[in-house]
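Student: For reference, this is query_11.cif, and it has mmCIF, C-alpha atoms (C1' of nucleotides).
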data_my_file
#
loop_
_atom_site.label_atom_id
_atom_site.label_comp_id
_atom_site.auth_asym_id
_atom_site.auth_seq_id
_atom_site.Cartn_x
_atom_site.Cartn_y
_atom_site.Cartn_z
CA MET A 731 54.53 61.27 -4.42
CA LEU A 732 51.44 60.36 -2.49
CA SER A 733 47.98 59.96 -3.95
CA LYS A 734 45.51 62.79 -3.36
CA THR A 735 43.52 60.44 -1.16
CA CYS A 736 46.59 59.91 0.98
CA GLU A 737 47.41 63.61 1.21
CA TYR A 738 43.87 64.36 2.37
CA ALA A 739 44.13 61.54 4.87
CA LEU A 740 47.36 62.81 6.40
CA ARG A 741 46.05 66.34 6.72
CA ALA A 742 42.79 65.14 8.22
CA MET A 743 44.49 62.84 10.70
CA ILE A 744 46.85 65.61 11.79
CA TYR A 745 43.90 67.97 12.20
CA VAL A 746 41.93 65.46 14.23
CA ALA A 747 44.97 64.72 16.39
CA GLN A 748 45.47 68.42 17.00
CA HIS A 749 41.87 68.93 18.07
CA SER A 750 41.06 65.73 19.93
CA ARG A 751 40.05 66.64 23.45
CA GLU A 752 38.36 64.56 26.09
CA GLY A 753 34.69 64.07 25.30
CA GLU A 754 34.60 66.02 22.04
CA MET A 755 34.26 64.59 18.57
CA ILE A 756 35.36 66.46 15.46
CA ASN A 757 32.96 66.30 12.57
CA ILE A 758 33.63 65.90 8.88
CA LYS A 759 32.29 69.28 7.88
CA GLU A 760 34.80 70.99 10.13
CA ILE A 761 37.67 68.76 9.04
CA ALA A 762 36.97 69.25 5.34
CA ALA A 763 36.80 73.01 5.75
CA LYS A 764 40.05 73.15 7.67
CA ILE A 765 42.16 70.94 5.43
CA ASN A 766 40.78 72.02 2.05
CA SER A 767 39.22 68.81 0.88
CA PRO A 768 35.86 67.69 -0.50
CA GLU A 769 33.63 66.92 2.45
CA LEU A 770 32.07 63.67 1.26
CA PHE A 771 35.39 62.36 0.04
CA ILE A 772 37.32 62.90 3.24
CA GLY A 773 34.33 61.37 5.00
CA LYS A 774 34.79 58.18 3.04
CA ILE A 775 38.51 58.17 3.66
CA LEU A 776 38.17 58.58 7.41
CA GLN A 777 35.47 55.93 7.56
CA GLY A 778 37.94 53.55 5.97
CA LEU A 779 40.73 54.49 8.36
CA SER A 780 38.34 54.20 11.26
CA LYS A 781 37.46 50.65 10.23
CA LYS A 782 41.15 49.84 10.27
CA GLY A 783 41.51 51.29 13.74
CA PHE A 784 43.45 54.45 12.92
CA LEU A 785 40.89 56.63 14.64
CA LEU A 786 37.65 56.38 16.60
CA SER A 787 34.30 57.48 15.32
CA SER A 788 30.84 57.93 16.72
CA LYS A 789 27.57 58.34 14.90
CA GLY A 790 24.64 60.51 15.79
CA ARG A 791 24.29 64.07 16.98
CA TYR A 792 27.55 65.51 18.28
CA GLY A 793 29.28 62.54 16.72
CA GLY A 794 32.48 62.70 14.73
CA PHE A 795 36.05 61.47 14.82
CA TYR A 796 38.61 61.26 17.55
CA ILE A 797 42.18 60.15 18.05
CA ASP A 798 43.04 58.84 21.48
CA ASP A 799 46.44 58.13 23.02
CA LYS A 800 46.60 54.70 21.53
CA ALA A 801 45.67 55.78 17.99
CA ALA A 802 48.12 58.66 18.30
CA ARG A 803 50.96 56.16 18.44
CA ASN A 804 50.57 55.67 14.70
CA SER A 805 52.98 57.48 12.45
CA LEU A 806 52.28 59.23 9.18
CA ALA A 807 54.03 56.30 7.49
CA ASP A 808 51.47 53.90 8.93
CA ILE A 809 48.70 55.93 7.33
CA VAL A 810 50.50 56.22 4.01
CA ILE A 811 51.02 52.48 3.88
CA ALA A 812 47.40 51.82 4.83
CA ILE A 813 46.21 53.90 1.89
CA ASP A 814 48.85 53.88 -0.84
CA GLY A 815 50.76 50.77 0.10
CA ASP A 816 54.51 50.73 0.66
CA LYS A 817 55.71 51.32 -2.87
CA VAL A 818 56.70 54.88 -2.05
CA PHE A 819 58.94 53.64 0.78
CA LYS A 820 60.09 50.35 -0.69
CA GLY A 821 59.74 50.59 -4.47
CA CYS A 822 62.26 51.08 -7.24
CA GLY A 823 63.13 54.53 -8.56
CA LEU A 824 62.40 53.36 -12.11
CA GLY A 825 59.35 51.28 -11.22
CA LEU A 826 60.99 47.88 -11.65
CA ASP A 827 59.42 45.10 -9.61
CA TYR A 828 62.48 42.99 -9.09
CA CYS A 829 64.97 45.76 -8.29
CA SER A 830 66.97 45.16 -5.11
CA SER A 831 70.46 45.44 -3.69
CA LYS A 832 71.34 42.12 -5.29
CA ASN A 833 69.72 43.02 -8.58
CA PRO A 834 69.94 46.80 -8.70
CA CYS A 835 68.52 49.09 -11.36
CA PRO A 836 70.83 51.81 -12.68
CA VAL A 837 69.91 54.23 -9.88
CA HIS A 838 69.21 51.77 -7.08
CA HIS A 839 71.98 52.60 -4.64
CA GLU A 840 71.60 56.37 -4.66
CA TYR A 841 67.83 56.15 -4.75
CA LYS A 842 67.50 53.67 -1.94
CA LYS A 843 69.52 55.83 0.38
CA VAL A 844 67.20 58.80 -0.05
CA ARG A 845 64.05 56.68 -0.14
CA ASP A 846 65.00 55.24 3.25
CA GLU A 847 65.41 58.73 4.66
CA MET A 848 62.02 59.67 3.26
CA TYR A 849 60.52 56.68 5.01
CA LYS A 850 62.18 57.84 8.20
CA VAL A 851 60.64 61.30 7.94
CA TYR A 852 57.12 59.88 7.79
CA ARG A 853 57.84 57.08 10.22
CA GLU A 854 59.26 59.35 12.90
CA THR A 855 56.39 61.79 12.67
CA LYS A 856 53.81 60.33 15.00
CA LEU A 857 50.32 61.67 15.47
CA SER A 858 51.09 62.16 19.15
CA LYS A 859 53.34 65.01 18.10
CA PHE A 860 50.23 66.92 17.07
CA ARG A 861 47.98 66.15 20.00
CA ALA A 862 46.44 69.04 21.87
CA GLU A 863 48.96 69.04 24.71
CA ASN A 864 51.92 69.41 22.34
CA CYS A 865 50.25 71.17 19.52
CA THR A 866 51.72 74.38 18.22
CA GLY A 867 48.68 74.96 16.07
CA ALA A 868 50.19 74.33 12.67
CA VAL A 869 47.68 75.32 10.05
CA LEU A 870 46.77 72.85 7.33
CA LYS A 871 45.23 75.20 4.84
CA ARG A 872 45.74 78.74 3.66
CA ILE A 873 43.88 81.11 5.98
CA MET B 842 56.34 58.34 -6.56
CA LEU B 843 56.40 58.72 -10.28
CA SER B 844 53.50 57.98 -12.60
CA LYS B 845 53.66 54.76 -14.57
CA THR B 846 54.06 56.80 -17.73
CA CYS B 847 57.10 58.44 -16.22
CA GLU B 848 58.64 55.18 -15.06
CA TYR B 849 58.27 53.72 -18.55
CA ALA B 850 59.78 56.88 -19.99
CA LEU B 851 62.85 56.74 -17.76
CA ARG B 852 63.48 53.08 -18.51
CA ALA B 853 63.00 53.63 -22.23
CA MET B 854 65.28 56.63 -22.32
CA ILE B 855 67.99 54.79 -20.41
CA TYR B 856 67.65 51.84 -22.78
CA VAL B 857 67.87 54.05 -25.85
CA ALA B 858 70.87 55.88 -24.41
CA GLN B 859 72.59 52.57 -23.72
CA HIS B 860 72.04 51.33 -27.26
CA SER B 861 72.45 54.44 -29.36
CA ARG B 862 75.25 53.86 -31.80
CA GLU B 863 76.23 55.83 -34.87
CA GLY B 864 73.78 55.20 -37.72
CA GLU B 865 71.48 52.84 -35.87
CA MET B 866 67.97 53.57 -34.70
CA ILE B 867 66.28 51.59 -31.95
CA ASN B 868 62.68 50.69 -32.63
CA ILE B 869 59.71 50.66 -30.30
CA LYS B 870 59.16 46.94 -30.46
CA GLU B 871 62.64 46.29 -29.14
CA ILE B 872 62.39 48.99 -26.48
CA ALA B 873 59.03 47.75 -25.20
CA ALA B 874 60.30 44.19 -24.99
CA LYS B 875 63.42 45.20 -23.10
CA ILE B 876 61.84 47.48 -20.53
CA ASN B 877 58.63 45.56 -19.88
CA SER B 878 56.09 48.05 -21.15
CA PRO B 879 53.11 48.03 -23.52
CA GLU B 880 54.47 48.66 -26.98
CA LEU B 881 51.92 51.17 -28.26
CA PHE B 882 51.98 53.06 -25.01
CA ILE B 883 55.71 53.56 -24.82
CA GLY B 884 55.50 54.54 -28.48
CA LYS B 885 53.19 57.39 -27.61
CA ILE B 886 55.37 58.44 -24.72
CA LEU B 887 58.55 58.54 -26.79
CA GLN B 888 56.78 60.40 -29.58
CA GLY B 889 55.90 63.06 -27.04
CA LEU B 890 59.43 63.25 -25.69
CA SER B 891 60.78 63.37 -29.20
CA LYS B 892 58.57 66.37 -29.98
CA LYS B 893 60.03 68.12 -26.97
CA GLY B 894 63.56 67.35 -28.13
CA PHE B 895 64.54 64.73 -25.57
CA LEU B 896 65.46 62.25 -28.30
CA LEU B 897 65.65 61.97 -32.07
CA SER B 898 63.37 59.85 -34.17
CA SER B 899 63.14 58.74 -37.75
CA LYS B 900 60.21 57.24 -39.57
CA GLY B 901 60.19 54.52 -42.16
CA ARG B 902 61.98 51.25 -42.50
CA TYR B 903 64.93 50.90 -40.17
CA GLY B 904 63.61 53.95 -38.39
CA GLY B 905 63.38 54.32 -34.63
CA PHE B 906 64.73 56.43 -31.81
CA TYR B 907 68.16 57.71 -30.99
CA ILE B 908 69.88 59.77 -28.31
CA ASP B 909 72.88 61.79 -29.46
CA ASP B 910 75.51 63.57 -27.40
CA LYS B 911 73.40 66.66 -27.04
CA ALA B 912 70.24 64.83 -25.95
CA ALA B 913 72.33 62.76 -23.56
CA ARG B 914 73.04 65.90 -21.57
CA ASN B 915 69.54 65.69 -20.15
CA SER B 916 69.15 64.23 -16.69
CA LEU B 917 66.48 61.86 -15.44
CA ALA B 918 65.05 64.84 -13.54
CA ASP B 919 64.52 66.69 -16.83
CA ILE B 920 62.46 63.79 -18.11
CA VAL B 921 60.47 63.44 -14.89
CA ILE B 922 59.60 67.13 -14.96
CA ALA B 923 58.65 66.97 -18.64
CA ILE B 924 56.15 64.21 -17.90
CA ASP B 925 54.97 64.49 -14.30
CA GLY B 926 55.79 68.10 -13.59
CA ASP B 927 57.92 69.21 -10.67
CA LYS B 928 55.57 68.40 -7.81
CA VAL B 929 57.65 65.39 -6.82
CA PHE B 930 60.75 67.60 -6.48
CA LYS B 931 59.14 70.81 -5.30
CA GLY B 932 55.79 69.91 -3.73
CA CYS B 933 54.65 69.68 -0.12
CA GLY B 934 54.79 66.40 1.81
CA LEU B 935 51.13 66.78 2.73
CA GLY B 936 50.01 68.10 -0.64
CA LEU B 937 49.48 71.70 0.43
CA ASP B 938 49.80 74.25 -2.35
CA TYR B 939 51.07 77.15 -0.32
CA CYS B 940 53.59 75.29 1.88
CA SER B 941 57.04 76.87 1.95
CA SER B 942 59.87 77.73 4.29
CA LYS B 943 58.03 80.88 5.30
CA ASN B 944 54.72 79.09 5.66
CA PRO B 945 55.68 75.53 6.51
CA CYS B 946 53.36 72.59 6.95
CA PRO B 947 53.94 70.38 9.99
CA VAL B 948 56.57 68.26 8.22
CA HIS B 949 58.04 70.85 5.88
CA HIS B 950 61.57 71.15 7.20
CA GLU B 951 62.36 67.46 7.46
CA TYR B 952 60.55 66.67 4.24
CA LYS B 953 62.18 69.39 2.19
CA LYS B 954 65.65 68.22 3.13
CA VAL B 955 65.02 64.72 1.81
CA ARG B 956 63.02 65.89 -1.17
CA ASP B 957 65.96 68.03 -2.24
CA GLU B 958 68.25 65.03 -2.02
CA MET B 959 65.81 63.04 -4.11
CA TYR B 960 65.87 65.77 -6.71
CA LYS B 961 69.65 65.60 -6.67
CA VAL B 962 69.65 61.86 -7.32
CA TYR B 963 67.59 62.28 -10.48
CA ARG B 964 69.28 65.52 -11.51
CA GLU B 965 72.79 64.14 -11.25
CA THR B 966 71.97 61.02 -13.22
CA LYS B 967 72.45 62.13 -16.79
CA LEU B 968 71.65 60.01 -19.82
CA SER B 969 75.29 60.33 -20.90
CA LYS B 970 76.11 58.03 -18.00
CA PHE B 971 74.37 55.22 -19.89
CA ARG B 972 75.68 55.83 -23.38
CA ALA B 973 77.37 52.98 -25.18
CA GLU B 974 80.92 54.09 -24.44
CA ASN B 975 80.30 54.14 -20.66
CA CYS B 976 77.62 51.58 -20.44
CA THR B 977 78.05 48.69 -18.05
CA GLY B 978 74.97 47.02 -19.48
CA ALA B 979 72.55 47.52 -16.63
CA VAL B 980 69.46 45.51 -17.35
CA LEU B 981 66.07 47.17 -17.19
CA LYS B 982 63.88 44.12 -16.95
CA ARG B 983 64.00 40.70 -15.42
CA ILE B 984 65.85 38.36 -17.75
"C1'" DA C 823 8.70 60.07 21.53
"C1'" DT C 824 10.35 63.13 18.19
"C1'" DA C 825 13.39 65.98 15.72
"C1'" DT C 826 17.97 66.79 14.57
"C1'" DA C 827 22.59 66.02 13.32
"C1'" DA C 828 26.03 63.12 12.69
"C1'" DT C 829 28.62 58.71 10.58
"C1'" DA C 830 28.07 54.24 7.53
"C1'" DG C 831 27.39 51.95 3.32
"C1'" DG C 832 26.60 51.13 -1.28
"C1'" DA C 833 25.78 52.77 -5.77
"C1'" DT C 834 26.96 55.93 -9.09
"C1'" DA C 835 29.33 59.63 -11.63
"C1'" DA C 836 33.19 62.36 -13.19
"C1'" DA C 837 37.92 62.91 -14.16
"C1'" DT C 838 42.35 61.24 -15.04
"C1'" DT C 839 45.61 57.92 -16.31
"C1'" DT C 840 46.79 54.05 -18.86
"C1'" DG C 841 46.46 51.49 -22.92
"C1'" DT C 842 44.75 50.31 -27.85
"C1'" DC C 843 43.22 50.81 -32.68
"C1'" DT C 844 43.36 52.53 -37.25
"C1'" DG C 845 45.09 54.81 -40.88
"C1'" DA C 846 48.44 58.19 -42.77
"C1'" DA C 847 53.08 59.55 -43.72
"C1'" DT C 848 57.76 58.30 -44.36
"C1'" DT C 849 61.86 55.79 -45.40
"C1'" DA C 850 64.74 52.35 -47.36
"C1'" DA C 851 65.47 47.96 -49.40
"C1'" DA C 852 64.45 44.83 -53.07
"C1'" DT D 1424 58.46 51.42 -58.41
"C1'" DT D 1425 56.74 48.41 -55.35
"C1'" DT D 1426 56.83 46.51 -50.86
"C1'" DA D 1427 57.77 46.27 -46.14
"C1'" DA D 1428 58.67 48.36 -41.87
"C1'" DT D 1429 58.65 51.98 -39.19
"C1'" DT D 1430 57.03 56.49 -36.61
"C1'" DC D 1431 53.05 59.94 -36.31
"C1'" DA D 1432 48.41 61.52 -35.25
"C1'" DG D 1433 44.09 61.38 -33.54
"C1'" DA D 1434 40.32 58.93 -31.91
"C1'" DC D 1435 38.88 55.52 -28.89
"C1'" DA D 1436 38.61 52.21 -24.86
"C1'" DA D 1437 39.62 50.40 -20.37
"C1'" DA D 1438 41.05 50.94 -15.79
"C1'" DT D 1439 41.82 53.55 -11.84
"C1'" DT D 1440 41.31 57.39 -8.91
"C1'" DT D 1441 38.64 61.02 -7.24
"C1'" DA D 1442 34.26 62.72 -5.96
"C1'" DT D 1443 29.12 62.71 -5.18
"C1'" DC D 1444 24.41 61.02 -4.11
"C1'" DC D 1445 21.08 58.73 -1.51
"C1'" DT D 1446 19.44 56.13 2.14
"C1'" DA D 1447 20.12 53.77 6.49
"C1'" DT D 1448 21.66 53.83 11.06
"C1'" DT D 1449 22.85 55.89 15.36
"C1'" DA D 1450 23.03 59.10 19.20
"C1'" DT D 1451 21.69 63.22 21.56
"C1'" DA D 1452 18.84 67.02 23.00
"C1'" DT D 1453 14.42 68.64 23.69
#
Written as structure tokens, how would this file's structure read?
Tutor:
Amino acid sequence: MLSKTCEYALRAMIYVAQHSREGEMINIKEIAAKINSPELFIGKILQGLSKKGFLLSSKGRYGGFYIDDKAARNSLADIVIAIDGDKVFKGCGLGLDYCSSKNPCPVHHEYKKVRDEMYKVYRETKLSKFRAENCTGAVLKRI
Amino acid sequence: MLSKTCEYALRAMIYVAQHSREGEMINIKEIAAKINSPELFIGKILQGLSKKGFLLSSKGRYGGFYIDDKAARNSLADIVIAIDGDKVFKGCGLGLDYCSSKNPCPVHHEYKKVRDEMYKVYRETKLSKFRAENCTGAVLKRI
DNA sequence: ATATAATAGGATAAATTTGTCTGAATTAAA
DNA sequence: TTTAATTCAGACAAATTTATCCTATTATAT
């Protein structure tokens, strides 16, 4: 389970990827409205991701956020890890710090298998999949 | 990802199941020490689970907690749902409320598949698996 | 130049989760 | 019957996460 912050971030990044077109920035007001999130909060989140290089931003009138080809190479897993850390993809199913193949908790083997697949789902979903040229227009909020 | 409360609960319940023997109660101090959790906090958690019928308790000297055959029929998934709700097993990978097969988010199909397997892992791990007669003595904390 | 509209940054506030304290009730042993 | 050891209950406190406010900075159009 991802944090709310992380869920907002994924939706926002997908939305920005879907709508990034040459010479157009997408602003926070629009993003917040389209992904069902508090405007100021998603602003903060994207500012943080922008600092880390996950998307471009520009201030001033007609400013906003943008995901270019390079930034679109990031996967959803990269974003999750940047925000929530890797516990969801690497951690123990019972929350034990030391749990591992050599020192497994009572559910380690079964859990690890599925956890690895979960990682794969997020890792293999790249932002490029959502970019304008490929985009099928998946909606990120109830209409 | 489970809440910390839930992780403590699972570890505690497994520990109690492992050590439940006829006419012996396991007390909170022992449980907390063995699963690496704050004593008063896991106390509260088990009191809640006990109210909901997930384990038996008895007050007074030599009192404590106990899991009998009937309570041992519960799975780890039952406990997770009792504490964290079913979002982890039923929710959307991007946190959307309305997401479903008919109205899928951009990762719904891949995510759902793995999420269902995750549910299965917790659902098919029953407390009875850990009861004294079957117990292989899996340790729930670093020694 | 000026007005306008956007992000950036830092402080703050609200809500939730996690953890603690205190005393009451209960049980069994001595 | 007294004492000791336990869970139970409710209030409280601390920490973390989520969300907002205010001002500064920046960029564009007019």
Student: Restrict the calculation to all atoms listed in the file, then for each residue of chain A with any atom at most 12 Å from an atom of chain C give the closest atom pair and their distance in Å to one decimal, rows by chain and rising residue number, as a Markdown table.
Tutor:
| residue | atom | partner | partner_atom | distance |
| --- | --- | --- | --- | --- |
| A:Met755 | CA | C:DA828 | C1' | 10.2 |
| A:Ile756 | CA | C:DA828 | C1' | 10.3 |
| A:Asn757 | CA | C:DA828 | C1' | 7.6 |
| A:Ile758 | CA | C:DT829 | C1' | 8.9 |
| A:Lys759 | CA | C:DA828 | C1' | 10.0 |
| A:Leu770 | CA | C:DT829 | C1' | 11.1 |
| A:Gly773 | CA | C:DT829 | C1' | 8.4 |
| A:Lys774 | CA | C:DA830 | C1' | 9.0 |
| A:Ile775 | CA | C:DA830 | C1' | 11.8 |
| A:Leu776 | CA | C:DT829 | C1' | 10.1 |
| A:Gln777 | CA | C:DA830 | C1' | 7.6 |
| A:Gly778 | CA | C:DA830 | C1' | 10.0 |
| A:Ser780 | CA | C:DT829 | C1' | 10.7 |
| A:Lys781 | CA | C:DA830 | C1' | 10.4 |
| A:Leu786 | CA | C:DT829 | C1' | 11.1 |
| A:Ser787 | CA | C:DT829 | C1' | 7.5 |
| A:Ser788 | CA | C:DT829 | C1' | 6.6 |
| A:Lys789 | CA | C:DT829 | C1' | 4.5 |
| A:Gly790 | CA | C:DA828 | C1' | 4.3 |
| A:Arg791 | CA | C:DA827 | C1' | 4.5 |
| A:Tyr792 | CA | C:DA828 | C1' | 6.3 |
| A:Gly793 | CA | C:DA828 | C1' | 5.2 |
| A:Gly794 | CA | C:DA828 | C1' | 6.8 |
| A:Phe795 | CA | C:DT829 | C1' | 9.0 |
Student: So what do you get for CA of Glu752 in chain A versus CA of Asn804 in chain A, distance-wise?
Tutor: 18.9 Å
Student: How close does chain D get to chain A? List, as JSON lines, each residue of chain D within 8 Å, its nearest atom pair and the distance in Å to one decimal, counting only C-alpha atoms (C1' of nucleotides).
Tutor:
{"residue": "D:DT1441", "atom": "C1'", "partner": "A:Thr735", "partner_atom": "CA", "distance": 7.8}
{"residue": "D:DA1442", "atom": "C1'", "partner": "A:Phe771", "partner_atom": "CA", "distance": 6.1}
{"residue": "D:DT1443", "atom": "C1'", "partner": "A:Leu770", "partner_atom": "CA", "distance": 7.1}
{"residue": "D:DT1449", "atom": "C1'", "partner": "A:Gly790", "partner_atom": "CA", "distance": 5.0}
{"residue": "D:DA1450", "atom": "C1'", "partner": "A:Gly790", "partner_atom": "CA", "distance": 4.0}
{"residue": "D:DT1451", "atom": "C1'", "partner": "A:Arg791", "partner_atom": "CA", "distance": 5.3}
Student: Could you tell me which residues the PyMOL selection byres ((chain B) within 6 of (chain A)) returns for this structure, as a PDB file with C-alpha atoms, keeping the file's coordinate frame?
Tutor:
ATOM      1  CA  MET B 842      56.340  58.340  -6.560  1.00  0.00           C
ATOM      2  CA  GLU B 848      58.640  55.180 -15.060  1.00  0.00           C
ATOM      3  CA  VAL B 929      57.650  65.390  -6.820  1.00  0.00           C
ATOM      4  CA  LEU B 935      51.130  66.780   2.730  1.00  0.00           C
ATOM      5  CA  GLY B 936      50.010  68.100  -0.640  1.00  0.00           C
TER       6      GLY B 936
END
Student: Might I get the box with edges along x, y and z of the file that holds all atoms of range 1437-1453 of chain D listed there, padded by 5 Å on every side, given as centre and edge lengths in Å to one decimal, as lines of an AutoDock Vina configuration file?
Tutor:
center_x = 28.1
center_y = 59.5
center_z = 1.7
size_x = 37.4
size_y = 28.2
size_z = 54.1
Student: Separation of CA of Leu785 in chain A and C1' of DA1447 in chain D, in Å?
Tutor: 22.5 Å
Student: Which residue gives the smallest distance to Gln748 in chain A among A:Arg803, A:His838, A:Lys856, A:Arg861, with all atoms listed in the file counted?
Tutor: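 Checking each of A:Arg803, A:His838, A:Lys856, A:Arg861 against Gln748 in chain A, counting all atoms listed in the file, the winner is A:Arg861.
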Student: Using Å and a single decimal, report how far CA of Ile922 in chain B sits from CA of Ala742 in chain A.
Tutor: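 Going from CA of Ala742 in chain A over to CA of Ile922 in chain B, I get 28.7 Å.
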Student: When distances are computed from all atoms listed in the file, which of A:Glu754, A:Gly815, A:Leu779, A:Ile809 shows the smallest separation from Tyr796 in chain A?
Tutor: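 Selected residue with least distance to Tyr796 in chain A: A:Glu754.
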Student: Looking at all atoms listed in the file, which of A:Ser830, A:Ala747, A:Asp798, A:Lys782 is the one that sits closest to Leu857 in chain A?
Tutor: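 Of A:Ser830, A:Ala747, A:Asp798, A:Lys782, the one nearest Leu857 in chain A, counting all atoms listed in the file, is A:Ala747.
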